file upload-v3.cif (mmCIF, C-alpha atoms)
data_start
#
loop_
_atom_site.label_atom_id
_atom_site.label_comp_id
_atom_site.auth_asym_id
_atom_site.auth_seq_id
_atom_site.Cartn_x
_atom_site.Cartn_y
_atom_site.Cartn_z
CA MET A 1106 -12.22 -7.39 -21.77
CA CYS A 1107 -15.46 -9.36 -21.40
CA ALA A 1108 -15.58 -9.94 -25.14
CA VAL A 1109 -12.03 -11.27 -25.13
CA GLN A 1110 -12.85 -13.58 -22.23
CA ARG A 1111 -15.95 -14.91 -24.01
CA ALA A 1112 -13.86 -15.46 -27.11
CA GLY A 1113 -11.36 -17.39 -25.02
CA SER A 1114 -14.13 -19.60 -23.65
CA PHE A 1115 -15.46 -20.22 -27.15
CA LEU A 1116 -11.95 -20.98 -28.36
CA LEU A 1117 -11.45 -23.68 -25.74
CA ILE A 1118 -14.88 -25.18 -26.23
CA GLU A 1119 -14.86 -25.21 -30.00
CA SER A 1120 -11.30 -26.42 -30.52
CA PRO A 1121 -11.05 -29.60 -32.62
CA LYS A 1122 -11.45 -32.12 -29.78
CA GLU A 1123 -11.88 -34.99 -32.20
CA LEU A 1124 -8.34 -34.35 -33.41
CA TRP A 1125 -6.91 -33.92 -29.92
CA ALA A 1126 -8.37 -37.24 -28.86
CA PHE A 1127 -6.10 -39.22 -31.18
CA ALA A 1128 -3.27 -40.94 -29.35
CA TRP A 1129 -0.95 -40.14 -32.23
CA TRP A 1130 -1.08 -36.38 -31.55
CA SER A 1131 1.58 -35.10 -33.97
CA ASP A 1132 3.84 -32.12 -34.09
CA LEU A 1133 1.65 -30.84 -36.90
CA MET A 1134 -1.39 -30.74 -34.63
CA VAL A 1135 0.59 -29.01 -31.88
CA GLU A 1136 1.73 -26.42 -34.38
CA HIS A 1137 -1.84 -26.02 -35.62
CA ALA A 1138 -3.12 -25.42 -32.07
CA GLU A 1139 -0.34 -22.93 -31.30
CA THR A 1140 -1.11 -21.03 -34.50
CA PHE A 1141 -4.78 -21.00 -33.59
CA LEU A 1142 -3.95 -19.59 -30.14
CA CYS A 1143 -1.50 -17.09 -31.59
CA LEU A 1144 -4.26 -15.56 -33.70
CA TYR A 1145 -6.36 -15.18 -30.56
CA SER A 1146 -3.44 -13.65 -28.62
CA ALA A 1147 -3.35 -10.63 -30.94
CA ASP A 1148 -6.80 -9.56 -29.74
CA MET A 1149 -5.98 -10.54 -26.15
CA ASP A 1150 -2.79 -8.44 -26.12
CA ALA A 1151 -4.62 -5.46 -27.57
CA ALA A 1152 -7.34 -5.69 -24.93
CA LEU A 1153 -4.83 -5.89 -22.10
CA GLU A 1154 -2.91 -2.87 -23.36
CA VAL A 1155 -5.92 -0.59 -22.90
CA GLN A 1156 -6.68 -1.84 -19.38
CA PRO A 1157 -6.05 0.70 -16.59
CA PRO A 1158 -2.78 -0.07 -14.76
CA ASP A 1159 -4.51 -0.92 -11.48
CA SER A 1160 -7.40 -2.88 -12.97
CA TRP A 1161 -7.61 -6.58 -12.18
CA ASP A 1162 -10.55 -7.43 -14.44
CA SER A 1163 -8.32 -9.52 -16.68
CA PHE A 1164 -7.34 -12.10 -14.07
CA PRO A 1165 -10.38 -14.33 -14.75
CA LEU A 1166 -9.16 -14.57 -18.34
CA PHE A 1167 -5.76 -15.81 -17.16
CA GLN A 1168 -7.41 -18.40 -14.91
CA LEU A 1169 -9.63 -19.59 -17.74
CA LEU A 1170 -6.78 -20.04 -20.22
CA ASN A 1171 -4.17 -21.28 -17.76
CA ASP A 1172 -6.47 -23.89 -16.20
CA PHE A 1173 -7.00 -25.31 -19.68
CA LEU A 1174 -3.40 -25.16 -20.85
CA ARG A 1175 -1.67 -26.44 -17.71
CA ILE A 1176 -3.46 -29.80 -17.84
CA ASP A 1177 -2.77 -30.34 -21.55
CA TYR A 1178 0.48 -32.24 -21.98
CA ASN A 1179 1.14 -30.82 -25.45
CA LEU A 1180 0.25 -27.18 -24.79
CA CYS A 1181 1.48 -26.78 -21.21
CA ASN A 1182 4.42 -24.34 -21.21
CA GLY A 1183 4.13 -24.11 -24.96
CA LYS A 1184 4.62 -20.93 -26.96
CA PHE A 1185 1.22 -19.39 -26.17
CA HIS A 1186 1.26 -20.58 -22.56
CA LYS A 1187 4.65 -18.95 -21.92
CA HIS A 1188 3.48 -15.78 -23.63
CA LEU A 1189 0.48 -15.78 -21.30
CA GLN A 1190 2.76 -16.10 -18.27
CA ASP A 1191 5.09 -13.34 -19.48
CA LEU A 1192 2.08 -11.11 -19.99
CA TYR A 1193 0.57 -11.67 -16.57
CA ALA A 1194 3.62 -12.05 -14.31
CA PRO A 1195 4.12 -8.25 -14.01
CA LEU A 1196 0.39 -7.83 -13.31
CA VAL A 1197 0.54 -10.38 -10.50
CA VAL A 1198 3.61 -8.73 -8.95
CA ARG A 1199 1.94 -5.32 -9.22
CA TYR A 1200 -1.21 -6.67 -7.59
CA VAL A 1201 0.73 -8.18 -4.67
CA ASP A 1202 2.68 -4.93 -4.21
CA LEU A 1203 -0.50 -2.86 -4.02
CA MET A 1204 -2.23 -5.32 -1.70
CA GLU A 1205 0.76 -5.34 0.64
CA SER A 1206 0.71 -1.54 0.82
CA SER A 1207 -3.07 -1.48 1.28
CA ILE A 1208 -3.04 -4.04 4.10
CA ALA A 1209 -0.19 -2.23 5.89
CA GLN A 1210 -2.15 1.03 5.74
CA SER A 1211 -5.31 -0.66 7.00
CA ILE A 1212 -3.40 -2.02 10.02
CA HIS A 1213 -2.11 1.45 10.86
CA ARG A 1214 -5.49 3.14 10.47
CA GLY A 1215 -7.34 0.31 12.15
CA PHE A 1216 -5.31 0.31 15.35
CA GLU A 1217 -5.42 4.10 15.57
CA ARG A 1218 -9.20 3.97 15.99
CA GLU A 1219 -9.56 0.46 17.42
CA SER A 1220 -12.32 0.23 20.06
CA TRP A 1221 -11.26 -3.28 21.17
CA GLU A 1222 -14.82 -4.46 21.15
CA PRO A 1223 -14.90 -8.22 20.51
CA VAL A 1224 -15.43 -9.22 16.88
CA ASN A 1225 -15.57 -12.96 16.27
CA ASN A 1226 -12.23 -14.30 17.59
CA GLY A 1227 -10.48 -10.97 18.08
CA SER A 1228 -10.94 -7.27 17.34
CA GLY A 1229 -12.24 -5.49 14.27
CA THR A 1230 -8.74 -4.71 12.99
CA SER A 1231 -7.32 -8.20 13.57
CA GLU A 1232 -10.30 -9.88 11.94
CA ASP A 1233 -9.98 -7.63 8.90
CA LEU A 1234 -6.24 -8.29 8.68
CA PHE A 1235 -6.48 -12.07 8.85
CA TRP A 1236 -9.33 -12.13 6.32
CA LYS A 1237 -7.36 -10.02 3.82
CA LEU A 1238 -4.20 -12.09 4.19
CA ASP A 1239 -6.12 -15.32 3.70
CA ALA A 1240 -8.05 -13.92 0.72
CA LEU A 1241 -4.81 -12.78 -0.96
CA GLN A 1242 -3.11 -16.13 -0.47
CA THR A 1243 -6.21 -17.95 -1.74
CA PHE A 1244 -6.36 -15.74 -4.83
CA ILE A 1245 -2.71 -16.31 -5.74
CA ARG A 1246 -2.99 -20.03 -5.01
CA ASP A 1247 -6.04 -20.31 -7.29
CA LEU A 1248 -4.03 -18.86 -10.17
CA HIS A 1249 -2.15 -22.21 -10.27
CA TRP A 1250 0.93 -20.54 -11.67
CA PRO A 1251 2.47 -23.11 -14.03
CA GLU A 1252 6.12 -22.09 -13.74
CA GLU A 1253 7.35 -23.63 -10.50
CA GLU A 1254 10.08 -21.16 -9.60
CA PHE A 1255 7.87 -18.08 -9.93
CA GLY A 1256 5.04 -19.89 -8.15
CA LYS A 1257 7.31 -20.64 -5.19
CA HIS A 1258 8.52 -17.05 -5.21
CA LEU A 1259 4.94 -15.82 -4.90
CA GLU A 1260 4.15 -18.26 -2.12
CA THR A 1261 7.29 -17.36 -0.16
CA ARG A 1262 6.64 -13.67 -0.51
CA LEU A 1263 3.05 -13.98 0.73
CA LYS A 1264 4.10 -16.10 3.71
CA LEU A 1265 6.75 -13.56 4.65
CA MET A 1266 4.27 -10.73 4.16
CA SER A 1267 1.79 -12.45 6.47
CA SER A 1268 4.50 -12.93 9.07
CA ASP A 1269 5.40 -9.23 8.94
CA MET A 1270 1.74 -8.14 9.13
CA ILE A 1271 0.93 -10.43 12.04
CA GLU A 1272 4.06 -9.22 13.83
CA SER A 1273 2.84 -5.64 13.44
CA CYS A 1274 -0.59 -6.65 14.76
CA VAL A 1275 0.93 -8.37 17.78
CA LYS A 1276 3.19 -5.42 18.65
CA ARG A 1277 0.40 -2.86 18.26
CA THR A 1278 -1.88 -4.94 20.46
CA ARG A 1279 0.78 -5.28 23.13
CA ALA A 1280 1.37 -1.50 23.12
CA ALA A 1281 -2.36 -0.84 23.45
CA PHE A 1282 -2.56 -3.37 26.30
CA GLU A 1283 0.15 -1.58 28.28
CA ALA A 1284 -1.35 1.85 27.60
CA LYS A 1285 -4.77 0.67 28.75
CA LEU A 1286 -3.39 -0.62 32.07
CA GLN A 1287 -1.37 2.54 32.68
CA LYS A 1288 -4.44 4.74 32.29
CA SER A 1289 -6.65 2.61 34.54
CA SER A 1290 -7.28 2.93 38.28
CA ARG A 1291 -4.68 1.77 40.80
CA ALA A 1292 -7.30 1.15 43.48
CA THR A 1293 -9.69 -1.72 44.17
CA ASP A 1294 -12.34 -0.07 41.99
CA PHE A 1295 -10.33 -1.29 39.00
CA ARG A 1296 -12.23 -3.82 36.93
CA VAL A 1297 -10.68 -5.87 34.13
CA PRO A 1298 -12.39 -4.38 31.06
CA GLN A 1299 -13.63 -6.25 28.02
CA SER A 1300 -10.89 -4.58 25.96
CA ILE A 1301 -8.15 -6.35 27.96
CA CYS A 1302 -9.80 -9.71 27.26
CA THR A 1303 -10.14 -8.83 23.57
CA MET A 1304 -6.41 -8.12 23.37
CA PHE A 1305 -5.64 -11.54 24.82
CA ASN A 1306 -8.00 -13.05 22.24
CA VAL A 1307 -6.19 -11.25 19.42
CA MET A 1308 -3.05 -13.11 20.53
CA VAL A 1309 -4.92 -16.41 20.60
CA ASP A 1310 -6.26 -15.84 17.09
CA ALA A 1311 -2.90 -14.58 15.80
CA LYS A 1312 -1.27 -17.81 16.92
CA ALA A 1313 -3.93 -19.89 15.18
CA GLN A 1314 -3.79 -17.81 11.98
CA SER A 1315 0.01 -17.83 11.80
CA ALA A 1316 -0.01 -21.62 11.61
CA LYS A 1317 -1.99 -21.30 8.39
CA LEU A 1318 -0.73 -18.04 6.89
CA CYS A 1319 3.00 -18.18 7.71
CA ALA A 1320 4.02 -21.85 7.58
CA MET A 1321 5.63 -23.46 4.55
CA ASP A 1322 6.78 -26.98 3.85
CA LEU A 1323 10.23 -25.85 2.74
CA GLY A 1324 13.14 -26.06 5.15
CA GLN A 1325 14.27 -22.44 5.44
CA GLU A 1326 10.85 -20.85 5.03
CA ARG A 1327 9.49 -22.87 7.95
CA GLN A 1328 11.29 -20.32 10.14
CA TYR A 1329 8.62 -17.74 9.31
CA HIS A 1330 6.02 -19.57 11.36
CA SER A 1331 8.49 -20.42 14.10
CA GLN A 1332 9.60 -16.80 14.51
CA ILE A 1333 6.11 -15.32 14.68
CA ASP A 1334 4.99 -18.10 17.01
CA ASN A 1335 7.84 -17.29 19.39
CA LEU A 1336 7.00 -13.59 19.22
CA ILE A 1337 3.38 -14.28 20.16
CA GLU A 1338 4.39 -16.46 23.09
CA GLU A 1339 6.84 -13.87 24.41
CA THR A 1340 4.26 -11.10 23.99
CA VAL A 1341 1.63 -13.07 25.90
CA LYS A 1342 4.15 -13.56 28.73
CA GLU A 1343 4.77 -9.81 28.81
CA MET A 1344 1.04 -9.07 28.86
CA ILE A 1345 0.51 -11.50 31.73
CA THR A 1346 3.39 -9.89 33.64
CA LEU A 1347 1.90 -6.43 33.08
CA LEU A 1348 -1.52 -7.50 34.32
CA VAL A 1349 -0.05 -9.25 37.36
CA ALA A 1350 1.96 -6.10 38.10
CA LYS A 1351 -1.33 -4.20 38.06
CA PHE A 1352 -2.76 -6.58 40.65
CA VAL A 1353 0.37 -6.21 42.78
CA VAL A 1354 0.21 -2.40 42.69
CA ILE A 1355 -3.42 -2.50 43.80
CA LEU A 1356 -2.54 -4.93 46.59
CA GLU A 1357 0.33 -2.74 47.72
CA ASN A 1358 -2.05 0.20 47.97
CA VAL A 1359 -4.44 -1.96 49.99
CA LEU A 1360 -1.65 -3.05 52.32
CA ALA A 1361 -0.55 0.55 52.77
CA LYS A 1362 -4.04 1.42 53.95
CA LEU A 1363 -4.27 -1.63 56.18
CA SER A 1364 -0.90 -0.91 57.79
CA ARG A 1365 -2.54 1.93 59.64
CA TYR A 1366 -4.56 -0.62 61.57
CA ASP A 1367 -1.53 -2.65 62.73
CA GLU A 1368 -1.30 -3.05 66.49
CA GLY A 1369 1.17 -0.77 68.21
CA THR A 1370 0.70 2.30 66.06
CA LEU A 1371 -0.72 5.53 67.44
CA PHE A 1372 -3.51 5.51 64.85
CA SER A 1373 -4.48 1.91 65.63
CA SER A 1374 -4.62 2.68 69.37
CA PHE A 1375 -6.89 5.64 68.78
CA LEU A 1376 -9.02 3.62 66.36
CA SER A 1377 -9.26 0.72 68.78
CA PHE A 1378 -10.48 3.05 71.57
CA THR A 1379 -13.08 4.57 69.22
CA VAL A 1380 -14.31 1.18 68.01
CA LYS A 1381 -14.64 -0.18 71.54
CA ALA A 1382 -16.63 2.86 72.60
CA ALA A 1383 -18.93 2.67 69.58
CA SER A 1384 -19.41 -1.10 69.86
CA LYS A 1385 -21.36 -0.59 73.08
CA TYR A 1386 -24.19 0.83 71.03
CA VAL A 1387 -23.91 -0.67 67.49
CA ASP A 1388 -22.16 -3.51 65.67
CA VAL A 1389 -18.87 -2.13 64.37
CA PRO A 1390 -16.85 -4.11 61.79
CA LYS A 1391 -13.24 -4.93 62.43
CA PRO A 1392 -11.00 -2.02 61.33
CA GLY A 1393 -9.78 -2.38 57.77
CA MET A 1394 -12.26 -5.06 56.75
CA ASP A 1395 -14.01 -2.73 54.30
CA VAL A 1396 -10.67 -2.25 52.52
CA ALA A 1397 -10.05 -5.99 52.48
CA ASP A 1398 -13.58 -6.64 51.22
CA GLY A 1399 -12.97 -4.19 48.36
CA TYR A 1400 -9.88 -6.11 47.31
CA VAL A 1401 -11.72 -9.43 47.49
CA THR A 1402 -14.46 -8.05 45.24
CA PHE A 1403 -11.84 -6.78 42.81
CA VAL A 1404 -10.09 -10.17 42.66
CA ARG A 1405 -13.31 -12.13 42.22
CA HIS A 1406 -14.55 -9.86 39.45
CA SER A 1407 -11.20 -10.07 37.64
CA GLN A 1408 -11.15 -13.86 37.84
CA ASP A 1409 -14.71 -14.16 36.55
CA MET A 1410 -14.16 -11.68 33.72
CA LEU A 1411 -10.98 -13.31 32.49
CA ARG A 1412 -12.37 -16.85 32.66
CA GLU A 1413 -15.53 -15.85 30.82
CA LYS A 1414 -14.10 -13.65 28.08
CA VAL A 1415 -10.61 -14.97 27.23
CA ASN A 1416 -10.65 -17.80 24.69
CA GLU A 1417 -7.51 -19.60 25.85
CA GLU A 1418 -7.70 -21.32 29.23
CA VAL A 1419 -3.94 -21.94 29.26
CA TYR A 1420 -3.26 -18.20 29.30
CA ILE A 1421 -5.63 -17.72 32.24
CA GLU A 1422 -4.02 -20.52 34.23
CA ARG A 1423 -0.58 -19.04 33.60
CA LEU A 1424 -1.80 -15.63 34.70
CA PHE A 1425 -3.31 -16.95 37.94
CA ASP A 1426 -0.21 -19.04 38.67
CA GLU A 1427 2.02 -15.99 38.30
CA LEU A 1428 -0.40 -13.91 40.32
CA VAL A 1429 -0.37 -16.39 43.19
CA PHE A 1430 3.43 -16.48 43.13
CA ASP A 1431 3.74 -12.69 43.25
CA LEU A 1432 1.17 -12.38 46.05
CA SER A 1433 2.73 -15.08 48.22
CA THR A 1434 3.58 -12.85 51.19
CA PRO A 1435 2.25 -13.24 54.74
CA ALA A 1436 -1.22 -11.78 55.18
CA PRO A 1437 -1.48 -8.94 57.70
CA PRO A 1438 -3.42 -9.80 60.88
CA CYS A 1439 -6.29 -7.43 60.09
CA MET A 1440 -7.05 -9.37 56.87
CA GLY A 1441 -7.53 -12.61 58.73
CA GLY A 1442 -5.76 -14.54 55.96
CA TYR A 1443 -8.92 -15.01 53.95
CA LEU A 1444 -8.06 -12.34 51.40
CA TYR A 1445 -5.04 -14.28 50.23
CA HIS A 1446 -6.97 -17.49 50.27
CA LEU A 1447 -9.37 -16.03 47.73
CA SER A 1448 -6.49 -14.84 45.60
CA TYR A 1449 -5.16 -18.38 45.47
CA ASN A 1450 -8.54 -20.02 44.96
CA HIS A 1451 -8.61 -20.17 41.17
#

call {"tool": "encode", "arguments": {"input": "upload-v3.cif", "output": "structure tokens"}}
result
Amino acid sequence: MCAVQRAGSFLLIESPKELWAFAWWSDLMVEHAETFLCLYSADMDAALEVQPPDSWDSFPLFQLLNDFLRIDYNLCNGKFHKHLQDLYAPLVVRYVDLMESSIAQSIHRGFERESWEPVNNGSGTSEDLFWKLDALQTFIRDLHWPEEEFGKHLETRLKLMSSDMIESCVKRTRAAFEAKLQKSSRATDFRVPQSICTMFNVMVDAKAQSAKLCAMDLGQERQYHSQIDNLIEETVKEMITLLVAKFVVILENVLAKLSRYDEGTLFSSFLSFTVKAASKYVDVPKPGMDVADGYVTFVRHSQDMLREKVNEEVYIERLFDELVFDLSTPAPPCMGGYLYHLSYNH
């Protein structure tokens, strides 16, 4: 294959440029050039026939010949150029098919063992996915396929493929987000982990990548980007709702504990008598304040973690706004109101 490629380079370099330079380029010269290329194609076809079915070593040869032919007015889409396209079109389709299958498998395997440690703008799996999709689109684009209809077909297919792959990434991330919250503590010892922030960042990066990988300038195909963009926005809303629900559950548990200290209950009367007796000898904190302090620490840590680790400030503001709305109930007397004030103070 290397020998055929070198021969192709020599062919293009050593062609009779002094003849091609004449403005009166005749049909005879076109026929001469096509005959010259036809002789070369016999060796090229023979070399391609012995290539393994899943070998892509011949693509540089296509790029070399096509880049020369497509800018030549007389040879572009000529006999040899069309033969070259007919020869390579099945190889390109086969390559895209295999890459689509490979990327889909890598998504599945990647999310199965995803650690959700931050990698650049997202996770290890999302970074690998976006890099592969971009590399594939760049490779096909650099082929400069000369036949417009087939070129548009390739572009449309790759945009749709990217949309499908990003959709899978978004859905798998959302499922992992929910599973992570379900397995975590329901008490004030819960701390927003780095993995939760990484999942938000995968959504941020997916939105940015979809603008490049899924959008097309054609009317109907523009829907690809619009659909995946809407999916990401809806998924982020669901993730925010899930995290806020986690905060609410923890608060409800705190309130259940604090309700024991409400005035008028048998337990509060007994506790009040005990506290008054002990306060004669030592400083005793107000009943329930240790529980309230635990919740305040939990809220502060969560706010700091999210602000520091999530790459999109808009998402954080939306989360805090929804959190404030869901926590807007009267504070119990034993909390002194300051617990809710801290929840609002974002």

call {"tool": "closest_residue", "arguments": {"input": "upload-v3.cif", "among": "A:Asp1294, A:Asp1334, A:Glu1413, A:Glu1339", "to": "Val1401 (chain A)", "atoms": "all atoms listed in the file"}}
result
A:Asp1294

call {"tool": "resolve_selection", "arguments": {"input": "upload-v3.cif", "expression": "the PyMOL selection byres ((chain A and resi 1301) around 10)", "output": "short mmCIF file (atom, residue, chain, number, x, y, z; two decimals) with C-alpha atoms, in the frame of the given file"}}
result
data_model
loop_
_atom_site.label_atom_id
_atom_site.label_comp_id
_atom_site.auth_asym_id
_atom_site.auth_seq_id
_atom_site.Cartn_x
_atom_site.Cartn_y
_atom_site.Cartn_z
CA TRP A 1221 -11.26 -3.28 21.17
CA GLU A 1222 -14.82 -4.46 21.15
CA THR A 1278 -1.88 -4.94 20.46
CA ALA A 1281 -2.36 -0.84 23.45
CA PHE A 1282 -2.56 -3.37 26.30
CA GLU A 1283 0.15 -1.58 28.28
CA LYS A 1285 -4.77 0.67 28.75
CA LEU A 1286 -3.39 -0.62 32.07
CA VAL A 1297 -10.68 -5.87 34.13
CA PRO A 1298 -12.39 -4.38 31.06
CA GLN A 1299 -13.63 -6.25 28.02
CA SER A 1300 -10.89 -4.58 25.96
CA CYS A 1302 -9.80 -9.71 27.26
CA THR A 1303 -10.14 -8.83 23.57
CA MET A 1304 -6.41 -8.12 23.37
CA PHE A 1305 -5.64 -11.54 24.82
CA ASN A 1306 -8.00 -13.05 22.24
CA MET A 1344 1.04 -9.07 28.86
CA LEU A 1348 -1.52 -7.50 34.32
CA MET A 1410 -14.16 -11.68 33.72
CA LEU A 1411 -10.98 -13.31 32.49
CA LYS A 1414 -14.10 -13.65 28.08
CA VAL A 1415 -10.61 -14.97 27.23
#

call {"tool": "residues_around", "arguments": {"input": "upload-v3.cif", "residues": "Val1198 (chain A)", "least_positions_apart": "6", "cutoff": "12 Å", "atoms": "all atoms listed in the file", "output": "short mmCIF file (atom, residue, chain, number, x, y, z; two decimals) with C-alpha atoms, in the frame of the given file"}}
result
data_model
loop_
_atom_site.label_atom_id
_atom_site.label_comp_id
_atom_site.auth_asym_id
_atom_site.auth_seq_id
_atom_site.Cartn_x
_atom_site.Cartn_y
_atom_site.Cartn_z
CA ASP A 1159 -4.51 -0.92 -11.48
CA TRP A 1161 -7.61 -6.58 -12.18
CA GLN A 1190 2.76 -16.10 -18.27
CA ASP A 1191 5.09 -13.34 -19.48
CA LEU A 1192 2.08 -11.11 -19.99
CA MET A 1204 -2.23 -5.32 -1.70
CA GLU A 1205 0.76 -5.34 0.64
CA ILE A 1245 -2.71 -16.31 -5.74
CA PHE A 1255 7.87 -18.08 -9.93
CA GLY A 1256 5.04 -19.89 -8.15
CA HIS A 1258 8.52 -17.05 -5.21
CA LEU A 1259 4.94 -15.82 -4.90
CA GLU A 1260 4.15 -18.26 -2.12
CA ARG A 1262 6.64 -13.67 -0.51
CA LEU A 1263 3.05 -13.98 0.73
#

call {"tool": "atom_distance", "arguments": {"input": "upload-v3.cif", "atom1": "CA of Thr1261 (chain A)", "atom2": "CA of Cys1319 (chain A)"}}
result
9.0 Å

call {"tool": "residues_around", "arguments": {"input": "upload-v3.cif", "residues": "Val1341 (chain A)", "least_positions_apart": "3", "cutoff": "8 Å", "atoms": "all atoms listed in the file", "output": "VMD selection string"}}
result
chain A and resid 1305 1308 1337 to 1338 1344 to 1345 1420

call {"tool": "atom_distance", "arguments": {"input": "upload-v3.cif", "atom1": "CA of Glu1422 (chain A)", "atom2": "CA of Asn1335 (chain A)"}}
result
19.3 Å

call {"tool": "axis_aligned_box", "arguments": {"input": "upload-v3.cif", "around": "region 1161-1170 of chain A", "padding_each_side": "6 Å", "output": "AutoDock Vina command-line options"}}
result
--center_x -8.2 --center_y -13.3 --center_z -16.2 --size_x 16.8 --size_y 25.5 --size_z 20.0

call {"tool": "atom_distance", "arguments": {"input": "upload-v3.cif", "atom1": "CA of Asp1172 (chain A)", "atom2": "CA of Met1321 (chain A)"}}
result
24.0 Å

call {"tool": "closest_residue", "arguments": {"input": "upload-v3.cif", "among": "A:Ala1209, A:Met1149, A:Val1309, A:Ala1361", "to": "Glu1418 (chain A)", "atoms": "all atoms listed in the file"}}
result
A:Val1309

call {"tool": "closest_residue", "arguments": {"input": "upload-v3.cif", "among": "A:Pro1157, A:Pro1165, A:Pro1195, A:Gly1399", "to": "Leu1248 (chain A)", "atoms": "only C-alpha atoms"}}
result
A:Pro1165

call {"tool": "resolve_selection", "arguments": {"input": "upload-v3.cif", "expression": "the PyMOL selection byres ((chain A and resi 1171) around 12)", "output": "PyMOL selection string"}}
result
chain A and resi 1113-1114+1117+1164-1170+1172-1177+1180-1183+1185-1190+1193+1247-1252

call {"tool": "resolve_selection", "arguments": {"input": "upload-v3.cif", "expression": "the PyMOL selection byres ((chain A and resi 1314) around 12)", "output": "ChimeraX atom specification"}}
result
/A:1226-1227,1231-1232,1234-1239,1264,1267-1268,1270-1272,1274,1307-1313,1315-1320,1330,1333-1334,1337
